[in-house]
file structure.cif (mmCIF, C-alpha atoms)
data_my_file
loop_
_atom_site.label_atom_id
_atom_site.label_comp_id
_atom_site.auth_asym_id
_atom_site.auth_seq_id
_atom_site.Cartn_x
_atom_site.Cartn_y
_atom_site.Cartn_z
CA MET L 671 1.27 -11.54 11.18
CA GLY L 672 3.53 -12.50 14.02
CA ALA L 673 5.85 -9.52 13.93
CA LEU L 674 5.70 -5.79 14.42
CA ARG L 675 6.16 -4.57 10.87
CA PRO L 676 3.35 -6.58 9.21
CA PHE L 677 1.04 -5.67 12.10
CA VAL L 678 1.67 -1.93 11.78
CA THR L 679 1.47 -2.12 7.99
CA GLY L 680 -1.83 -3.97 8.25
CA ILE L 681 -3.35 -1.40 10.60
CA VAL L 682 -2.23 1.57 8.49
CA LEU L 683 -3.50 0.01 5.26
CA THR L 684 -6.82 -0.95 6.87
CA ILE L 685 -7.35 2.62 8.07
CA LEU L 686 -6.48 4.02 4.66
CA PHE L 687 -8.86 1.54 3.08
CA GLY L 688 -11.62 2.54 5.51
CA PHE L 689 -11.08 6.20 4.67
CA PHE L 690 -11.18 5.50 0.94
CA ILE L 691 -14.38 3.48 0.98
CA PHE L 692 -16.24 6.02 3.14
CA ALA L 693 -14.95 8.90 1.02
CA PHE L 694 -15.95 7.04 -2.16
CA MET L 695 -19.41 6.39 -0.78
CA THR L 696 -20.05 10.01 0.25
CA ASN L 697 -18.61 11.52 -2.94
CA PHE L 698 -20.33 9.06 -5.28
CA LEU L 699 -23.71 9.48 -3.61
CA GLY L 700 -23.19 13.22 -3.28
CA GLN L 701 -22.88 13.45 -7.04
CA ASN L 702 -25.50 10.92 -8.11
CA ASN L 703 -28.10 11.01 -5.35
CA PRO L 704 -27.68 13.96 -2.99
CA ASP L 705 -30.98 13.03 -1.29
CA ALA L 706 -29.66 9.63 -0.18
CA GLU L 707 -30.67 8.79 3.38
CA ILE L 708 -27.17 7.76 4.35
CA LEU L 709 -25.78 11.23 3.61
CA LYS L 710 -28.09 12.77 6.19
CA ASP L 711 -25.97 11.22 8.92
CA SER L 712 -23.73 13.96 10.29
CA ASN L 713 -21.21 11.45 11.67
CA VAL L 714 -20.11 10.51 8.16
CA ASN L 715 -19.07 14.01 7.20
CA LYS L 716 -17.36 14.58 10.55
CA THR L 717 -15.36 11.36 10.21
CA ILE L 718 -14.33 12.13 6.64
CA ALA L 719 -13.24 15.62 7.75
CA SER L 720 -11.10 14.20 10.57
CA PHE L 721 -9.48 11.76 8.14
CA ASP L 722 -8.77 14.65 5.80
CA ASN L 723 -7.09 16.59 8.59
CA SER L 724 -4.92 13.60 9.48
CA LEU L 725 -3.80 13.18 5.88
CA LYS L 726 -3.20 16.91 5.38
CA GLY L 727 -0.07 16.70 7.54
CA PHE L 728 1.56 14.51 4.88
CA LYS L 729 0.37 16.80 2.12
CA ASN L 730 1.95 19.83 3.83
CA ILE L 731 5.33 18.08 4.00
CA SER L 732 5.03 17.05 0.38
CA ASP L 733 4.13 20.60 -0.66
CA ASP L 734 7.09 22.05 1.27
CA ALA L 735 9.49 19.66 -0.44
CA HIS L 736 7.95 20.40 -3.83
CA ASN L 737 8.21 24.16 -3.31
CA LEU L 738 11.84 23.89 -2.24
CA LEU L 739 12.66 21.86 -5.35
CA GLN L 740 10.88 24.37 -7.54
CA ALA L 741 12.65 27.39 -6.05
CA ASP L 742 14.95 29.42 -8.29
CA GLN L 743 17.84 29.00 -5.88
CA PRO L 744 17.35 25.85 -3.77
CA SER L 745 19.00 26.26 -0.43
CA PRO L 746 20.77 23.26 1.17
CA THR L 747 20.01 24.71 4.58
CA SER L 748 16.29 24.67 3.88
CA PHE L 749 16.48 21.06 2.69
CA LEU L 750 18.33 20.05 5.83
CA PHE L 751 15.80 21.83 7.98
CA LEU L 752 12.96 20.12 6.09
CA ILE L 753 14.57 16.71 6.57
CA PHE L 754 14.88 17.21 10.31
CA LYS L 755 11.35 18.57 10.53
CA SER L 756 10.00 15.61 8.53
CA ALA L 757 11.90 13.11 10.67
CA PHE L 758 9.79 14.29 13.59
CA SER L 759 6.51 15.19 11.94
CA ILE L 760 6.05 12.10 9.73
CA PRO L 761 5.95 9.61 12.63
CA VAL L 762 3.68 11.99 14.55
CA ASN L 763 1.35 12.23 11.55
CA PHE L 764 1.35 8.44 11.19
CA LEU L 765 0.47 8.03 14.85
CA SER L 766 -2.32 10.60 14.67
CA MET L 767 -3.65 8.96 11.51
CA VAL L 768 -3.70 5.54 13.18
CA VAL L 769 -5.26 6.78 16.42
CA PHE L 770 -7.88 9.10 14.97
CA GLY L 771 -8.53 6.83 12.02
CA THR L 772 -9.18 3.84 14.26
CA LYS L 773 -11.40 5.91 16.53
CA GLY L 774 -13.27 7.35 13.54
CA ILE L 775 -13.89 3.97 11.91
CA LEU L 776 -14.97 2.34 15.16
CA ASP L 777 -17.27 5.23 16.09
CA LEU L 778 -18.75 5.44 12.61
CA VAL L 779 -19.38 1.74 12.15
CA PHE L 780 -20.51 0.83 15.66
CA VAL L 781 -22.71 3.87 16.16
CA ASN L 782 -24.50 3.34 12.87
CA LEU L 783 -24.83 -0.41 13.32
CA PHE L 784 -26.41 -0.08 16.76
CA GLY L 785 -28.38 3.09 16.11
CA GLY L 786 -27.08 6.00 18.14
CA THR L 787 -24.78 6.49 21.07
CA ASP L 788 -25.00 3.93 23.82
CA SER L 789 -22.73 2.69 26.56
CA ASN L 790 -22.57 -0.72 24.84
CA ILE L 791 -21.11 0.92 21.76
CA ALA L 792 -18.40 2.59 23.82
CA VAL L 793 -17.62 -0.79 25.41
CA LEU L 794 -17.45 -2.55 22.03
CA SER L 795 -15.23 0.04 20.41
CA THR L 796 -13.03 0.17 23.52
CA ILE L 797 -12.61 -3.60 23.42
CA VAL L 798 -11.55 -3.56 19.77
CA ALA L 799 -9.17 -0.64 20.32
CA SER L 800 -7.73 -2.34 23.42
CA ILE L 801 -7.03 -5.53 21.50
CA LEU L 802 -5.11 -3.55 18.88
CA VAL L 803 -3.16 -1.61 21.52
CA VAL L 804 -2.26 -4.70 23.55
CA ALA L 805 -1.19 -6.59 20.42
CA GLY L 806 0.93 -3.62 19.36
CA VAL L 807 2.59 -3.34 22.76
CA LEU L 808 3.38 -7.07 22.84
CA TYR L 809 4.89 -6.90 19.37
CA ILE L 810 7.02 -3.92 20.41
CA ILE L 811 8.24 -5.85 23.45
CA LYS L 812 9.03 -8.86 21.24
CA THR L 813 10.93 -6.66 18.79
CA VAL L 814 12.94 -5.01 21.58
CA ARG L 815 13.76 -8.37 23.17
CA THR L 816 14.64 -10.34 20.05
CA GLY L 817 15.62 -7.48 17.73
CA GLU L 818 13.42 -9.00 15.03
CA SER L 819 10.58 -7.04 13.46
CA GLU L 820 10.06 -9.13 10.35
CA ARG L 821 8.21 -12.38 10.24
CA MET X 817 -52.27 -7.38 6.25
CA ALA X 818 -53.14 -6.15 2.77
CA TYR X 819 -50.20 -4.84 0.80
CA PRO X 820 -50.39 -2.09 -1.85
CA ASP X 821 -51.40 -3.29 -5.29
CA ILE X 822 -48.83 -3.11 -8.09
CA SER X 823 -51.02 -0.56 -9.84
CA THR X 824 -49.84 1.93 -7.21
CA VAL X 825 -46.36 1.87 -8.77
CA THR X 826 -45.94 5.10 -10.72
CA ASN X 827 -43.64 5.82 -13.67
CA ALA X 828 -42.61 2.16 -14.00
CA SER X 829 -42.08 2.60 -17.75
CA THR X 830 -39.69 5.52 -17.32
CA ASP X 831 -37.99 4.34 -14.12
CA PRO X 832 -38.06 0.53 -13.72
CA THR X 833 -36.33 0.78 -10.36
CA ASN X 834 -39.73 1.76 -8.93
CA LEU X 835 -40.67 -1.90 -9.36
CA LEU X 836 -37.75 -2.93 -7.18
CA VAL X 837 -38.77 -0.32 -4.61
CA TYR X 838 -42.30 -1.77 -4.70
CA ALA X 839 -40.97 -5.32 -4.19
CA ASN X 840 -38.84 -4.10 -1.32
CA THR X 841 -41.72 -2.20 0.28
CA ILE X 842 -44.23 -5.03 0.26
CA THR X 843 -41.69 -7.44 1.75
CA GLY X 844 -40.99 -5.12 4.67
CA GLY X 845 -37.64 -3.89 3.37
CA ILE X 846 -36.01 -7.33 3.35
CA PHE X 847 -35.98 -8.10 -0.38
CA MET X 848 -32.98 -6.03 -1.46
CA PRO X 849 -30.86 -6.95 1.61
CA LEU X 850 -31.49 -10.60 0.76
CA VAL X 851 -30.39 -9.95 -2.82
CA LEU X 852 -27.27 -8.30 -1.44
CA GLY X 853 -26.66 -11.22 0.90
CA ALA X 854 -27.08 -13.72 -1.91
CA PHE X 855 -24.67 -11.70 -4.05
CA PHE X 856 -22.09 -11.80 -1.27
CA VAL X 857 -22.44 -15.53 -0.60
CA ILE X 858 -22.29 -16.43 -4.29
CA LEU X 859 -19.11 -14.37 -4.79
CA LEU X 860 -17.53 -15.72 -1.61
CA LEU X 861 -18.10 -19.39 -2.33
CA GLY X 862 -17.56 -19.02 -6.06
CA SER X 863 -14.18 -17.34 -5.69
CA TYR X 864 -13.11 -19.76 -2.96
CA PHE X 865 -13.88 -22.90 -4.97
CA ALA X 866 -12.48 -21.34 -8.13
CA GLN X 867 -9.19 -20.84 -6.29
CA ILE X 868 -9.23 -24.50 -5.27
CA ARG X 869 -9.98 -25.58 -8.83
CA PHE X 870 -7.31 -23.43 -10.46
CA THR X 871 -4.53 -23.40 -7.90
CA GLY X 872 -5.22 -26.39 -5.70
CA ARG X 873 -5.65 -24.38 -2.51
CA GLY X 874 -8.14 -21.77 -1.43
CA ARG X 875 -7.57 -18.70 0.70
CA ILE X 876 -10.80 -17.78 2.44
CA ASP X 877 -9.41 -14.38 3.44
CA PHE X 878 -8.89 -13.45 -0.23
CA SER X 879 -12.41 -14.58 -1.10
CA LEU X 880 -13.92 -12.76 1.88
CA ALA X 881 -12.16 -9.51 1.00
CA SER X 882 -12.98 -9.56 -2.71
CA SER X 883 -16.61 -10.52 -2.18
CA SER X 884 -17.08 -7.86 0.51
CA TYR X 885 -15.63 -5.16 -1.78
CA ALA X 886 -17.96 -6.13 -4.62
CA THR X 887 -20.94 -6.30 -2.25
CA PHE X 888 -20.11 -2.83 -0.91
CA GLY X 889 -20.04 -1.48 -4.46
CA MET X 890 -23.39 -3.09 -5.13
CA ALA X 891 -24.79 -1.60 -1.89
CA VAL X 892 -23.63 1.89 -2.91
CA LEU X 893 -25.28 1.44 -6.31
CA MET X 894 -28.50 0.32 -4.62
CA SER X 895 -28.47 3.39 -2.39
CA MET X 896 -28.67 5.60 -5.47
CA LYS X 897 -32.42 4.96 -5.43
CA ASN X 898 -34.20 6.10 -2.29
CA GLY X 899 -36.21 3.36 -0.63
CA LEU X 900 -34.24 0.52 -2.19
CA LEU X 901 -31.84 -0.19 0.65
CA SER X 902 -31.96 0.98 4.23
CA PRO X 903 -28.76 2.77 5.39
CA ILE X 904 -28.22 0.20 8.14
CA TYR X 905 -27.40 -2.47 5.54
CA ILE X 906 -24.84 -0.21 3.87
CA TRP X 907 -23.12 0.20 7.23
CA ILE X 908 -23.18 -3.56 7.77
CA VAL X 909 -21.55 -4.14 4.39
CA ALA X 910 -19.01 -1.35 5.01
CA ALA X 911 -18.12 -2.86 8.40
CA LEU X 912 -17.77 -6.26 6.74
CA ALA X 913 -15.46 -4.79 4.09
CA VAL X 914 -13.24 -3.10 6.70
CA ALA X 915 -13.16 -6.25 8.85
CA ALA X 916 -12.35 -8.43 5.83
CA THR X 917 -9.53 -6.06 4.87
CA ALA X 918 -8.13 -6.14 8.39
CA TYR X 919 -8.35 -9.95 8.36
CA LEU X 920 -6.66 -10.08 4.97
CA PHE X 921 -3.73 -7.91 6.06
CA MET X 922 -3.36 -9.63 9.42
CA SER X 923 -3.57 -13.19 8.11
CA SER X 924 -0.54 -15.33 7.69
CA GLN X 925 1.56 -14.76 4.61
CA ASP X 926 2.90 -18.32 4.57
CA GLN X 927 2.23 -20.01 1.22
#
call {"tool": "encode", "arguments": {"input": "structure.cif", "output": "structure tokens"}}
result
Amino acid sequence: MGALRPFVTGIVLTILFGFFIFAFMTNFLGQNNPDAEILKDSNVNKTIASFDNSLKGFKNISDDAHNLLQADQPSPTSFLFLIFKSAFSIPVNFLSMVVFGTKGILDLVFVNLFGGTDSNIAVLSTIVASILVVAGVLYIIKTVRTGESER
Amino acid sequence: MAYPDISTVTNASTDPTNLLVYANTITGGIFMPLVLGAFFVILLLGSYFAQIRFTGRGRIDFSLASSSYATFGMAVLMSMKNGLLSPIYIWIVAALAVAATAYLFMSSQDQ
């Protein structure tokens, strides 16, 4: 770390990892022990569902591209339109995945560690999120000033 | 305080995990978390010193991440039997795994 690109890559991969381990846990226990106590927590299913919605944006773009390639008469105009649409929607999807993924992981972990909603939990999760936001902003400023985003 | 006798364990011959549930119950739910903690510490220190032995230098972030992943897998396996592990410990291990992953990705890449 020390530059913008590794920082952003690290955050995105950490959120994806968090999604995968929670999804693995719920699916594995759902198949092998549906009566597990941890599955009775409604926050888990809500968080997994919000992750799914964030990732569905990428799946929709992928499906559109796949359908265009599979068409009997591929149209260059449609490809061009898809490229311009993706140029806007992919960064938006990334941002929503980072924001909602971070919020979901922080809410899920802190709420379950400290047993229910509490003002201290909101403070803790806000502190962690603030650290990430401030670090990101400082890295963006450094990249704009020096033009360097690699370590 | 008198604890339940081992004769209260039912179906131990068909489901030996009932014995682990019994051990966990009479110790106030601390037995299996301690086993999990020992598993984590053994993997952490073992992988760290193995790195030093084989490569000459150890990366604690690698060891922390790998041991937390394995401990999380063990915690999920333990949660397949009701009464073996309280959900709070699974969340602790999951939080540790996410934090270790964040630390791994954010740590310096200089070698």
call {"tool": "interface_residues", "arguments": {"input": "structure.cif", "of": "chain L", "to": "chain X", "cutoff": "12 Å", "atoms": "only C-alpha atoms", "output": "PyMOL selection string"}}
result
chain L and resi 671-711+714+772+775-786+798+802+805+820-821
call {"tool": "resolve_selection", "arguments": {"input": "structure.cif", "expression": "the PyMOL selection byres ((chain X and resi 841-853) around 9)", "output": "VMD selection string"}}
result
chain X and resid 819 to 820 836 to 840 854 to 858 887 890 to 891 894 899 to 902 905
call {"tool": "write_last_selection", "arguments": {"input": "structure.cif", "atoms": "C-alpha atoms", "output": "short mmCIF file (atom, residue, chain, number, x, y, z; two decimals), keeping the file's coordinate frame"}}
result
data_model
loop_
_atom_site.label_atom_id
_atom_site.label_comp_id
_atom_site.auth_asym_id
_atom_site.auth_seq_id
_atom_site.Cartn_x
_atom_site.Cartn_y
_atom_site.Cartn_z
CA TYR X 819 -50.20 -4.84 0.80
CA PRO X 820 -50.39 -2.09 -1.85
CA LEU X 836 -37.75 -2.93 -7.18
CA VAL X 837 -38.77 -0.32 -4.61
CA TYR X 838 -42.30 -1.77 -4.70
CA ALA X 839 -40.97 -5.32 -4.19
CA ASN X 840 -38.84 -4.10 -1.32
CA ALA X 854 -27.08 -13.72 -1.91
CA PHE X 855 -24.67 -11.70 -4.05
CA PHE X 856 -22.09 -11.80 -1.27
CA VAL X 857 -22.44 -15.53 -0.60
CA ILE X 858 -22.29 -16.43 -4.29
CA THR X 887 -20.94 -6.30 -2.25
CA MET X 890 -23.39 -3.09 -5.13
CA ALA X 891 -24.79 -1.60 -1.89
CA MET X 894 -28.50 0.32 -4.62
CA GLY X 899 -36.21 3.36 -0.63
CA LEU X 900 -34.24 0.52 -2.19
CA LEU X 901 -31.84 -0.19 0.65
CA SER X 902 -31.96 0.98 4.23
CA TYR X 905 -27.40 -2.47 5.54
#
call {"tool": "atom_distance", "arguments": {"input": "structure.cif", "atom1": "atom CA of L:Gly771", "atom2": "atom CA of L:Gly817"}}
result
28.6 Å
call {"tool": "residues_near_point", "arguments": {"input": "structure.cif", "point": "(-16.6, -23.3, -3.9)", "cutoff": "12 Å", "atoms": "all atoms listed in the file", "output": "PyMOL selection string"}}
result
chain X and resi 857-870+872-876+879
call {"tool": "write_last_selection", "arguments": {"input": "structure.cif", "atoms": "C-alpha atoms", "output": "compact mmCIF listing (two decimals), keeping the file's coordinate frame"}}
result
# COMPACT_ATOMS: atom_id res chain seq x y z
CA VAL X 857 -22.44 -15.53 -0.60
CA ILE X 858 -22.29 -16.43 -4.29
CA LEU X 859 -19.11 -14.37 -4.79
CA LEU X 860 -17.53 -15.72 -1.61
CA LEU X 861 -18.10 -19.39 -2.33
CA GLY X 862 -17.56 -19.02 -6.06
CA SER X 863 -14.18 -17.34 -5.69
CA TYR X 864 -13.11 -19.76 -2.96
CA PHE X 865 -13.88 -22.90 -4.97
CA ALA X 866 -12.48 -21.34 -8.13
CA GLN X 867 -9.19 -20.84 -6.29
CA ILE X 868 -9.23 -24.50 -5.27
CA ARG X 869 -9.98 -25.58 -8.83
CA PHE X 870 -7.31 -23.43 -10.46
CA GLY X 872 -5.22 -26.39 -5.70
CA ARG X 873 -5.65 -24.38 -2.51
CA GLY X 874 -8.14 -21.77 -1.43
CA ARG X 875 -7.57 -18.70 0.70
CA ILE X 876 -10.80 -17.78 2.44
CA SER X 879 -12.41 -14.58 -1.10
call {"tool": "closest_residue", "arguments": {"input": "structure.cif", "among": "L:Val762, L:Ala735, L:Arg815, L:Ile718", "to": "L:Leu750", "atoms": "all atoms listed in the file"}}
result
L:Ala735
call {"tool": "residues_around", "arguments": {"input": "structure.cif", "residues": "L:Phe764", "least_positions_apart": "6", "cutoff": "9 Å", "atoms": "all atoms listed in the file", "output": "PyMOL selection string"}}
result
chain L and resi 682+724-725+728
call {"tool": "atom_distance", "arguments": {"input": "structure.cif", "atom1": "atom CA of L:Ser759", "atom2": "atom CA of L:Asp733"}}
result
13.9 Å
call {"tool": "atom_distance", "arguments": {"input": "structure.cif", "atom1": "atom CA of L:Ile797", "atom2": "atom CA of L:Val768"}}
result
16.4 Å
